[in-house]
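Shown next: coords_7.txt, given as compact mmCIF, C-alpha atoms.
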# COMPACT_ATOMS: atom_id res chain seq x y z
CA MET A 1 76.53 70.58 87.95
CA GLY A 2 75.09 72.00 84.72
CA GLU A 3 74.33 69.07 82.42
CA ASP A 4 75.18 66.65 85.20
CA THR A 5 72.39 67.96 87.37
CA ASP A 6 69.84 65.65 85.76
CA THR A 7 71.77 62.73 87.22
CA ARG A 8 71.58 64.08 90.76
CA LYS A 9 69.52 61.48 92.61
CA ILE A 10 67.98 61.47 96.01
CA ASN A 11 69.60 59.40 98.69
CA HIS A 12 67.00 59.82 101.40
CA SER A 13 64.58 62.33 102.78
CA PHE A 14 63.34 62.48 106.34
CA LEU A 15 59.75 63.67 106.28
CA ARG A 16 57.65 64.15 109.37
CA ASP A 17 54.33 62.51 108.77
CA HIS A 18 51.72 65.20 109.18
CA SER A 19 50.15 67.68 106.84
CA TYR A 20 50.09 70.52 109.36
CA VAL A 21 53.26 72.09 110.71
CA THR A 22 53.58 72.92 114.40
CA GLU A 23 56.04 75.69 115.20
CA ALA A 24 58.08 73.35 117.43
CA ASP A 25 58.80 71.01 114.47
CA VAL A 26 60.41 73.67 112.29
CA ILE A 27 64.10 72.83 111.78
CA SER A 28 66.36 75.70 112.86
CA THR A 29 69.87 74.31 112.22
CA VAL A 30 71.62 71.49 110.29
CA GLU A 31 75.22 70.31 110.80
CA PHE A 32 77.35 67.37 109.59
CA ASN A 33 80.11 66.10 111.87
CA HIS A 34 83.75 66.10 110.71
CA THR A 35 83.53 62.70 108.96
CA GLY A 36 80.02 63.19 107.57
CA GLU A 37 78.87 59.93 109.17
CA LEU A 38 76.57 61.82 111.56
CA LEU A 39 74.16 64.66 110.82
CA ALA A 40 72.48 66.71 113.55
CA THR A 41 69.41 68.91 113.28
CA GLY A 42 67.93 71.22 115.88
CA ASP A 43 64.37 72.54 115.89
CA LYS A 44 62.28 75.30 117.43
CA GLY A 45 60.99 72.87 120.07
CA GLY A 46 64.48 72.54 121.59
CA ARG A 47 65.03 69.01 120.25
CA VAL A 48 68.17 67.64 118.60
CA VAL A 49 67.81 64.75 116.14
CA ILE A 50 70.99 62.92 115.12
CA PHE A 51 71.08 60.82 111.94
CA GLN A 52 73.70 58.17 111.29
CA ARG A 53 74.79 56.92 107.91
CA GLU A 54 74.21 53.20 107.49
CA PRO A 55 77.29 51.15 106.57
CA GLU A 56 77.62 49.81 103.02
CA SER A 57 75.52 46.68 102.53
CA LYS A 58 77.26 43.38 101.69
CA ASN A 59 74.97 42.74 98.71
CA THR A 60 75.89 46.05 97.05
CA PRO A 61 79.34 46.92 98.43
CA HIS A 62 79.76 50.18 96.52
CA SER A 63 76.37 51.65 97.37
CA GLN A 64 76.48 54.33 100.04
CA GLY A 65 74.28 53.93 103.08
CA GLU A 66 71.31 56.15 103.79
CA TYR A 67 70.91 58.30 106.88
CA ASP A 68 68.60 56.98 109.59
CA VAL A 69 67.60 58.37 112.97
CA TYR A 70 70.35 57.53 115.46
CA SER A 71 69.23 59.46 118.55
CA THR A 72 66.75 62.14 119.58
CA PHE A 73 66.96 64.19 122.75
CA GLN A 74 65.57 67.34 124.33
CA SER A 75 68.45 69.82 124.44
CA HIS A 76 66.75 72.98 125.75
CA GLU A 77 63.53 73.79 127.58
CA PRO A 78 61.65 77.11 127.60
CA GLU A 79 62.77 79.37 130.45
CA PHE A 80 61.74 82.68 131.95
CA ASP A 81 64.06 85.51 132.92
CA TYR A 82 62.32 86.99 135.95
CA LEU A 83 64.66 89.98 136.20
CA LYS A 84 63.86 91.15 132.69
CA SER A 85 60.38 89.58 132.43
CA LEU A 86 61.41 87.83 129.23
CA GLU A 87 60.64 84.38 127.92
CA ILE A 88 63.70 82.50 126.69
CA GLU A 89 62.77 80.28 123.75
CA GLU A 90 63.90 76.67 123.61
CA LYS A 91 64.69 77.00 119.87
CA ILE A 92 68.11 75.57 118.90
CA ASN A 93 70.00 78.37 117.14
CA LYS A 94 73.18 76.46 116.31
CA ILE A 95 74.81 73.03 116.64
CA LYS A 96 78.56 72.46 116.32
CA TRP A 97 80.31 69.08 116.47
CA LEU A 98 83.60 68.75 118.34
CA PRO A 99 86.42 66.78 116.65
CA GLN A 100 86.19 63.16 117.81
CA GLN A 101 88.82 62.24 120.44
CA ASN A 102 87.63 58.72 121.32
CA ALA A 103 84.71 56.37 120.68
CA ALA A 104 82.22 58.96 121.94
CA HIS A 105 80.92 61.93 119.95
CA SER A 106 80.44 65.42 121.38
CA LEU A 107 78.44 68.42 120.21
CA LEU A 108 77.59 71.93 121.36
CA SER A 109 74.03 73.19 121.07
CA THR A 110 72.74 76.64 121.94
CA ASN A 111 69.49 78.54 122.25
CA ASP A 112 69.36 82.32 122.75
CA LYS A 113 71.16 82.28 126.10
CA THR A 114 72.62 78.90 127.14
CA ILE A 115 75.20 76.68 125.41
CA LYS A 116 75.33 72.98 126.31
CA LEU A 117 77.98 70.33 125.65
CA TRP A 118 76.53 66.87 124.99
CA LYS A 119 78.29 63.50 124.90
CA ILE A 120 76.88 60.74 122.68
CA THR A 121 77.98 57.18 123.51
CA GLU A 122 76.99 53.66 122.44
CA ARG A 123 76.42 50.57 124.59
CA ASP A 124 75.97 47.14 123.03
CA LYS A 125 77.19 44.98 125.95
CA ARG A 126 76.10 44.64 129.54
CA PRO A 127 77.92 43.04 132.49
CA GLU A 128 76.42 39.88 134.01
CA GLY A 129 77.44 37.63 136.88
CA TYR A 130 78.05 40.04 139.75
CA ASN A 131 79.13 38.53 143.04
CA LEU A 132 77.31 40.96 145.33
CA LYS A 133 74.27 41.83 143.18
CA ASP A 134 71.42 39.74 141.86
CA GLU A 135 70.03 39.93 138.30
CA GLU A 136 67.82 42.90 139.21
CA GLY A 137 70.78 44.84 140.61
CA LYS A 138 69.82 44.45 144.29
CA LEU A 139 72.51 43.65 146.85
CA LYS A 140 72.65 39.99 147.87
CA ASP A 141 72.73 38.75 151.43
CA LEU A 142 76.46 38.23 152.00
CA SER A 143 75.82 34.99 153.87
CA THR A 144 74.46 33.43 150.67
CA VAL A 145 77.65 34.21 148.69
CA THR A 146 79.64 30.97 148.81
CA SER A 147 81.85 31.32 145.72
CA LEU A 148 83.40 34.01 143.57
CA GLN A 149 82.75 34.36 139.86
CA VAL A 150 84.21 36.61 137.18
CA PRO A 151 81.57 38.95 135.68
CA VAL A 152 81.25 38.70 131.90
CA LEU A 153 80.06 41.16 129.20
CA LYS A 154 77.06 39.84 127.29
CA PRO A 155 75.78 41.34 124.00
CA MET A 156 72.63 43.46 124.15
CA ASP A 157 70.61 45.64 121.77
CA LEU A 158 72.48 48.81 120.85
CA MET A 159 71.69 51.69 123.17
CA VAL A 160 72.64 55.28 122.33
CA GLU A 161 73.08 57.38 125.44
CA VAL A 162 73.18 61.19 125.34
CA SER A 163 74.32 62.97 128.48
CA PRO A 164 74.92 66.67 129.24
CA ARG A 165 78.59 67.21 130.15
CA ARG A 166 78.74 70.98 130.59
CA ILE A 167 76.32 73.90 130.68
CA PHE A 168 77.74 77.30 129.72
CA ALA A 169 75.22 79.85 131.01
CA ASN A 170 75.05 83.56 131.83
CA GLY A 171 77.62 84.59 129.24
CA HIS A 172 75.34 86.68 127.02
CA THR A 173 72.99 89.60 127.55
CA TYR A 174 71.71 89.47 123.97
CA HIS A 175 70.63 86.57 121.77
CA ILE A 176 73.36 84.13 120.70
CA ASN A 177 73.50 83.93 116.90
CA SER A 178 76.56 81.72 116.35
CA ILE A 179 79.05 79.37 117.99
CA SER A 180 82.34 78.15 116.52
CA VAL A 181 84.82 75.55 117.77
CA ASN A 182 88.48 76.53 117.56
CA SER A 183 91.05 74.42 115.70
CA ASP A 184 92.94 74.02 119.00
CA CYS A 185 90.03 71.72 120.08
CA GLU A 186 90.14 73.32 123.54
CA THR A 187 88.23 76.57 123.10
CA TYR A 188 85.17 77.88 121.28
CA MET A 189 83.49 81.24 120.83
CA SER A 190 79.91 82.39 121.01
CA ALA A 191 78.55 85.59 119.51
CA ASP A 192 75.47 87.66 120.23
CA ASP A 193 74.32 90.96 118.70
CA LEU A 194 77.00 93.07 120.40
CA ARG A 195 79.63 90.80 121.96
CA ILE A 196 81.77 87.74 121.25
CA ASN A 197 82.96 85.53 124.11
CA LEU A 198 85.78 82.96 124.19
CA TRP A 199 85.17 79.85 126.32
CA HIS A 200 87.31 76.92 127.38
CA LEU A 201 85.45 73.66 126.86
CA ALA A 202 86.33 72.49 130.38
CA ILE A 203 85.36 75.72 132.22
CA THR A 204 81.73 76.77 132.52
CA ASP A 205 81.76 79.58 135.10
CA ARG A 206 83.76 82.15 133.13
CA SER A 207 84.47 83.30 129.60
CA PHE A 208 86.65 86.00 128.05
CA ASN A 209 85.02 88.85 126.18
CA ILE A 210 87.05 89.22 122.93
CA VAL A 211 84.79 91.62 120.98
CA ASP A 212 82.47 94.28 122.40
CA ILE A 213 80.84 96.74 119.98
CA LYS A 214 78.25 98.05 122.45
CA PRO A 215 78.38 101.89 122.46
CA ALA A 216 78.28 103.83 125.72
CA ASN A 217 74.94 105.24 124.60
CA MET A 218 72.67 102.71 122.90
CA GLU A 219 71.20 105.49 120.75
CA ASP A 220 74.58 105.59 118.96
CA LEU A 221 74.23 101.95 117.91
CA THR A 222 74.62 101.67 114.12
CA GLU A 223 75.31 97.97 113.54
CA VAL A 224 75.13 94.54 115.17
CA ILE A 225 77.13 91.31 114.89
CA THR A 226 75.31 88.80 112.68
CA ALA A 227 77.68 85.78 112.54
CA SER A 228 81.19 84.71 113.50
CA GLU A 229 83.57 81.83 112.82
CA PHE A 230 87.09 80.67 113.71
CA HIS A 231 89.66 80.11 110.96
CA PRO A 232 89.86 76.34 110.21
CA HIS A 233 93.67 76.15 110.68
CA HIS A 234 94.93 79.22 112.58
CA CYS A 235 93.59 79.18 116.14
CA ASN A 236 94.33 82.90 116.64
CA LEU A 237 92.19 84.14 113.72
CA PHE A 238 88.42 84.61 113.57
CA VAL A 239 85.99 86.64 111.49
CA TYR A 240 82.70 88.30 112.34
CA SER A 241 80.13 89.87 110.04
CA SER A 242 77.88 92.85 110.63
CA SER A 243 74.45 94.14 109.68
CA LYS A 244 76.19 96.81 107.58
CA GLY A 245 77.61 94.20 105.22
CA SER A 246 81.22 94.32 106.45
CA LEU A 247 83.53 91.53 107.64
CA ARG A 248 86.19 92.01 110.29
CA LEU A 249 89.09 89.59 110.58
CA CYS A 250 90.61 89.63 114.07
CA ASP A 251 93.87 88.26 115.45
CA MET A 252 93.83 87.26 119.12
CA ARG A 253 97.64 87.59 119.27
CA ALA A 254 97.37 91.35 118.77
CA ALA A 255 95.29 92.15 121.86
CA ALA A 256 93.08 90.48 124.44
CA LEU A 257 90.12 92.60 123.34
CA CYS A 258 89.83 92.44 119.54
CA ASP A 259 87.81 95.63 119.08
CA LYS A 260 90.48 96.79 116.63
CA HIS A 261 90.27 94.41 113.69
CA SER A 262 93.28 93.27 111.63
CA LYS A 263 91.42 93.49 108.32
CA LEU A 264 88.14 95.04 107.22
CA PHE A 265 86.43 93.52 104.18
CA GLU A 266 83.83 95.85 102.73
CA GLU A 267 82.48 96.45 99.26
CA PRO A 268 81.92 100.10 98.35
CA GLU A 269 78.26 100.81 97.64
CA ASP A 270 77.17 101.71 94.13
CA PRO A 271 75.37 105.10 94.53
CA SER A 272 73.12 104.32 91.53
CA ASN A 273 71.65 101.33 93.38
CA ARG A 274 71.01 103.23 96.62
CA SER A 275 67.48 102.78 97.99
CA PHE A 276 65.51 102.61 101.25
CA PHE A 277 66.30 98.87 101.42
CA SER A 278 70.05 99.08 100.68
CA GLU A 279 71.20 98.67 104.27
CA ILE A 280 68.73 95.87 105.05
CA ILE A 281 69.65 93.73 102.03
CA SER A 282 73.40 94.30 102.53
CA SER A 283 73.29 92.78 106.06
CA VAL A 284 75.42 89.60 106.12
CA SER A 285 73.37 86.66 107.42
CA ASP A 286 76.15 84.02 107.32
CA VAL A 287 79.93 83.78 106.95
CA LYS A 288 81.92 80.57 106.34
CA PHE A 289 85.65 80.03 105.88
CA SER A 290 86.59 77.71 103.02
CA HIS A 291 88.10 74.35 104.00
CA SER A 292 91.46 75.60 102.72
CA GLY A 293 91.22 78.70 104.91
CA ARG A 294 92.07 81.00 101.98
CA TYR A 295 88.55 82.30 101.25
CA MET A 296 85.42 83.42 103.05
CA LEU A 297 81.86 82.92 101.82
CA THR A 298 79.16 85.40 102.84
CA ARG A 299 75.44 85.57 102.22
CA ASP A 300 73.33 88.69 102.17
CA TYR A 301 69.68 88.92 101.11
CA LEU A 302 70.19 88.81 97.34
CA THR A 303 73.74 87.51 96.80
CA VAL A 304 76.51 85.17 97.91
CA LYS A 305 80.06 86.53 97.77
CA VAL A 306 83.50 84.92 97.91
CA TRP A 307 86.25 86.97 99.56
CA ASP A 308 90.00 86.36 99.40
CA LEU A 309 91.68 86.86 102.79
CA ASN A 310 94.41 88.78 100.96
CA MET A 311 92.05 91.28 99.31
CA GLU A 312 89.91 93.54 101.44
CA ALA A 313 88.62 96.04 98.86
CA ARG A 314 85.97 93.87 97.22
CA PRO A 315 84.85 90.24 96.85
CA ILE A 316 86.55 88.19 94.14
CA GLU A 317 83.23 86.58 93.15
CA THR A 318 79.59 87.67 93.48
CA TYR A 319 76.67 85.38 92.60
CA GLN A 320 73.05 86.54 92.29
CA VAL A 321 70.79 84.18 94.28
CA HIS A 322 67.38 85.61 93.34
CA ASP A 323 67.89 88.96 91.63
CA TYR A 324 64.30 88.76 90.34
CA LEU A 325 63.19 89.78 93.88
CA ARG A 326 64.81 93.22 93.59
CA SER A 327 61.56 94.68 92.26
CA LYS A 328 59.57 93.04 95.08
CA LEU A 329 61.53 94.40 98.06
CA CYS A 330 58.63 96.62 99.17
CA SER A 331 56.19 93.72 99.65
CA LEU A 332 58.97 91.56 101.13
CA TYR A 333 59.62 94.33 103.67
CA GLU A 334 55.94 94.50 104.60
CA SER A 335 55.81 90.72 105.15
CA ASP A 336 59.14 90.78 107.09
CA CYS A 337 60.63 88.29 104.60
CA ILE A 338 63.38 90.80 103.86
CA PHE A 339 64.80 90.02 107.32
CA ASP A 340 65.10 86.26 106.65
CA LYS A 341 68.58 84.94 107.44
CA PHE A 342 69.80 82.50 104.79
CA GLU A 343 72.88 80.35 105.39
CA CYS A 344 75.52 79.28 102.86
CA ALA A 345 77.85 76.28 102.49
CA TRP A 346 81.01 75.15 100.67
CA ASN A 347 81.46 71.71 99.17
CA GLY A 348 84.44 69.63 100.35
CA SER A 349 86.83 70.94 97.69
CA ASP A 350 85.66 74.59 97.88
CA SER A 351 84.70 74.49 94.17
CA VAL A 352 80.90 74.69 94.56
CA ILE A 353 78.82 76.86 96.90
CA MET A 354 75.21 76.37 97.98
CA THR A 355 72.56 78.56 99.56
CA GLY A 356 68.78 78.56 100.00
CA ALA A 357 65.98 80.64 98.52
CA TYR A 358 62.16 80.81 98.54
CA ASN A 359 59.58 78.32 97.22
CA ASN A 360 61.75 75.51 98.67
CA PHE A 361 64.36 76.32 96.02
CA PHE A 362 68.08 76.13 96.67
CA ARG A 363 70.90 77.40 94.50
CA MET A 364 74.30 75.97 93.56
CA PHE A 365 77.17 77.87 91.92
CA ASP A 366 80.16 76.14 90.35
CA ARG A 367 83.16 78.46 90.84
CA ASN A 368 85.20 76.84 88.05
CA THR A 369 82.66 76.58 85.23
CA LYS A 370 80.59 79.60 86.44
CA ARG A 371 77.45 77.50 85.91
CA ASP A 372 74.59 77.81 88.37
CA VAL A 373 71.46 75.78 88.95
CA THR A 374 68.21 76.11 90.88
CA LEU A 375 66.85 72.93 92.47
CA GLU A 376 63.73 72.23 94.52
CA ALA A 377 63.33 70.27 97.73
CA SER A 378 59.79 68.87 97.67
CA ARG A 379 57.80 65.78 98.53
CA GLU A 380 57.34 65.08 94.83
CA SER A 381 61.09 64.82 94.30
CA SER A 382 61.73 62.84 97.50
CA LYS A 383 60.75 59.43 96.17
CA PRO A 384 63.61 56.88 96.08
CA ARG A 385 65.90 57.28 93.05
CA ALA A 386 63.99 60.35 91.89
CA VAL A 387 65.90 62.84 89.77
CA LEU A 388 66.15 66.50 90.70
CA LYS A 389 65.25 68.64 87.71
CA PRO A 390 66.59 72.19 87.41
CA ARG A 391 63.95 74.89 87.98
CA ARG A 392 63.72 78.33 86.39
CA VAL A 393 61.99 81.47 87.61
CA CYS A 394 60.74 83.79 84.90
CA VAL A 395 60.12 87.48 85.49
CA GLY A 396 58.09 88.25 82.39
CA GLY A 397 57.87 87.70 78.67
CA LYS A 398 57.97 84.20 77.22
CA ARG A 399 57.53 81.37 79.64
CA ARG A 400 58.70 77.82 79.13
CA ARG A 401 56.52 74.89 80.16
CA ASP A 402 58.21 74.13 83.50
CA ASP A 403 59.06 77.73 84.41
CA ILE A 404 57.56 79.26 87.51
CA SER A 405 56.48 82.89 87.57
CA VAL A 406 58.04 85.17 90.17
CA ASP A 407 54.51 86.18 91.21
CA SER A 408 53.58 82.60 92.10
CA LEU A 409 56.57 81.93 94.40
CA ASP A 410 55.59 80.77 97.89
CA PHE A 411 57.49 82.96 100.36
CA THR A 412 56.36 80.86 103.33
CA LYS A 413 58.43 77.96 101.97
CA LYS A 414 62.01 79.05 102.53
CA ILE A 415 65.27 77.12 102.76
CA LEU A 416 67.30 78.94 105.38
CA HIS A 417 69.49 76.08 106.64
CA THR A 418 71.75 73.90 104.49
CA ALA A 419 74.83 71.72 105.06
CA TRP A 420 77.29 69.93 102.78
CA HIS A 421 79.04 66.64 103.61
CA PRO A 422 82.73 67.43 104.31
CA ALA A 423 84.06 64.97 101.71
CA GLU A 424 81.27 63.78 99.41
CA ASN A 425 78.52 65.20 97.22
CA ILE A 426 75.82 64.78 99.84
CA ILE A 427 73.78 67.77 100.96
CA ALA A 428 71.24 68.27 103.75
CA ILE A 429 68.42 70.76 103.17
CA ALA A 430 66.01 71.90 105.89
CA ALA A 431 62.65 72.93 104.42
CA THR A 432 60.37 74.05 107.28
CA ASN A 433 59.77 70.81 109.23
CA ASN A 434 61.28 68.41 106.65
CA LEU A 435 64.89 67.38 106.21
CA TYR A 436 65.95 66.39 102.70
CA ILE A 437 69.21 64.57 102.05
CA PHE A 438 70.30 64.54 98.41
CA GLN A 439 73.20 62.62 96.92
CA ASP A 440 74.85 63.01 93.53
CA LYS A 441 75.04 59.34 92.50
CA VAL A 442 77.12 59.96 89.37
CA ASN A 443 79.60 62.57 90.53
CA SER A 444 80.21 61.09 93.98
CA ASP A 445 83.89 62.05 93.78
CA MET A 446 84.33 65.65 94.88
CA HIS A 447 87.49 66.30 92.97
I need this file expressed as structure tokens, please.
Amino acid sequence: MGEDTDTRKINHSFLRDHSYVTEADVISTVEFNHTGELLATGDKGGRVVIFQREPESKNTPHSQGEYDVYSTFQSHEPEFDYLKSLEIEEKINKIKWLPQQNAAHSLLSTNDKTIKLWKITERDKRPEGYNLKDEEGKLKDLSTVTSLQVPVLKPMDLMVEVSPRRIFANGHTYHINSISVNSDCETYMSADDLRINLWHLAITDRSFNIVDIKPANMEDLTEVITASEFHPHHCNLFVYSSSKGSLRLCDMRAAALCDKHSKLFEEPEDPSNRSFFSEIISSVSDVKFSHSGRYMLTRDYLTVKVWDLNMEARPIETYQVHDYLRSKLCSLYESDCIFDKFECAWNGSDSVIMTGAYNNFFRMFDRNTKRDVTLEASRESSKPRAVLKPRRVCVGGKRRRDDISVDSLDFTKKILHTAWHPAENIIAIAATNNLYIFQDKVNSDMH
């Protein structure tokens, strides 16, 4: 980062080839699998697109492969709840990969109500030489079978097959905002606005309610659950964030219903900064455990914060994402932009954090050097071997040549969804209906 940012080159960008954007094409989630070889995106049209990293070429053995489309399938369809007279959108809210157990890959995808488990398998051989079937697969007349032959496997063009293995339905009254696979590889949880459920991956007809913050009288409702995640190493621990800006760490060993949290992480509010928008901008839109499991990363409207699991009183680090918007909160409230939910991500060594902003900008913060940089995901910078140049937003006063004024930011272009390769300096950025994949060619070693 810092001076090295000029050497950050583009690996590949997947651009859908039309100038207009249909709502169904807007990417709603991005997720690398545990090796980083596969990358899945979900969109508002209920589709999942999986990209696979090409193997290193023989001509240039040290060059890393680009990501190409591996498989596309329709995960969810629009539905209608006749009891409540509500349409259920097909939009994919979250995708989570399961740790690979065999040659097949598995992932969970969810819309507002239904979670589905998908199995992705490859076929590059087909059996030939059946005794009782002809080449078209029809049964032969047994009287014509005069000798036995051993069927053989013949090579064929690679076929990627995606099949639904389980459908986990009817577990949520409210909209599902997050799913998280447990480190025991047997269970996962799903969270909606008021409840968190624990599921077994093999059982679809029941789940255990582990958090329920719904008050007896809905008029007493003061906060909602915004995100949740399991600890990466301890299968009994999970965290959930709230619209009031607090984090609650829960231990499933303490009680079956984790309404009483083990730890509450909350930063005391500065009375001098109190305003009409304080509660809205303090709402946590995303929470992520570090790979080490020692820290938690949270994103609210204006900042990203790093919390130490051993210190509840305040975050150990706070980074301003776009503090220049503080004076524009009124117009952002009127346009509903203030309710945008930005995600955040750790790099593989937990030393750099990334999150999105407006104008197709995304921000990176180096925790060791305390340097930060603003980069832009755009068609201009998506040409092969193009270099990403740092961008700067100026609020007033003197303006440098490449600076962009805060008044000319495009708030319709927002980067809400980002993902970082688990081991390398490769990032995936969803900008409306385009997926950008950037790779740091120089600093490819994380550590």
Take every atom of range 321-327 of chain A listed in the file, pad by 4 Å on each side, and give me the axis-aligned box centre and edge lengths in Å, one decimal, as AutoDock Vina command-line options.
--center_x 66.2 --center_y 89.4 --center_z 92.3 --size_x 17.2 --size_y 18.5 --size_z 11.9
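When only C-alpha atoms are used to measure the gap to Trp199 in chain A, the shortest distance among A:Val393, A:Val181, A:Val287, A:Leu264 belongs to A:Val181.
We find CA of Thr144 in chain A and CA of Leu132 in chain A to be spaced 9.7 Å apart.
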Closest to Ser282 in chain A among A:Leu194, A:Leu302, A:Leu297, A:Ala423, using all atoms listed in the file?
-> A:Leu302
Dump as an MDAnalysis selection string all residues having an atom at most 7 Å from (58.5, 78.3, 93.3), computed in the file's coordinates with all atoms listed in the file.
-> chainID A and resid 358:361 404 408:410
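Near Thr114 in chain A, within a cut-off of 7 Å and counting all atoms listed in the file, sit the residues Thr110, Asn111, Asp112, Lys116, Phe168 and Ala169 of chain A, with same-chain residues fewer than 2 positions away left out.
Taking CA of Ala104 in chain A and CA of Ile120 in chain A as endpoints, the distance between them is 5.7 Å.
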Can you pull out the residues contacting Asn131 in chain A? Cut-off 10 Å, using only C-alpha atoms, and skip same-chain residues under 5 positions away; I want them as a CSV table (one decimal) with C-alpha atoms, keeping the file's coordinate frame.
chain,number,residue,atom,x,y,z
A,139,LEU,CA,72.5,43.6,146.8
A,140,LYS,CA,72.6,40.0,147.9
A,142,LEU,CA,76.5,38.2,152.0
A,145,VAL,CA,77.6,34.2,148.7
A,146,THR,CA,79.6,31.0,148.8
A,147,SER,CA,81.8,31.3,145.7
A,148,LEU,CA,83.4,34.0,143.6
A,149,GLN,CA,82.8,34.4,139.9
A,150,VAL,CA,84.2,36.6,137.2
A,151,PRO,CA,81.6,39.0,135.7
Record the distance separating CA of Ser242 in chain A and CA of Thr226 in chain A, expressed in Å with one decimal.
-> 5.2 Å
Sphere at (79.5, 95.5, 105.2), radius 10 Å, counting only C-alpha atoms: residues as a ChimeraX atom specification | /A:223,241-248,264-269,279,282-284,300
Fewer than 4 positions away in the same chain doesn't count, so skip those; otherwise give me all residues within 7 Å of Ile210 in chain A, counting all atoms listed in the file, as an NGL selection string.
-> :A and (196-198 or 256-258)
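Of the residues listed (A:Gln439, A:Ser349, A:Thr72, A:Asn433), A:Asn433 shows the shortest atom-to-atom separation from Asp43 in chain A; distances use all atoms listed in the file.
Using all atoms listed in the file, the smallest distance between any of A:Arg314, A:Arg253, A:Arg363, A:His231 and Arg294 in chain A comes from A:His231.
With only C-alpha atoms taken into account, the protein and nucleic acid residues at most 8 Å from Asp340 in chain A (excluding it and anything under 4 positions from it in its own chain) are A:Tyr301, A:Asp336, A:Leu416.
Each of A:Ser278, A:Ser292, A:Ser228, A:Asn182 was checked against Leu201 in chain A using all atoms listed in the file; the smallest atom-to-atom distance is that of A:Asn182.
With all atoms listed in the file as the atoms that count, the residue of A:Ala386, A:Thr418, A:Lys133, A:Asn425 with the shortest distance to Val352 in chain A is A:Asn425.
Neighbouring residues of Arg326 in chain A at 10 Å or closer, counting only C-alpha atoms and skipping chain neighbours under 3 positions away, are Phe277, Ile281, Tyr301, Leu302, His322, Asp323, Leu329, Cys330 and Leu332 of chain A.
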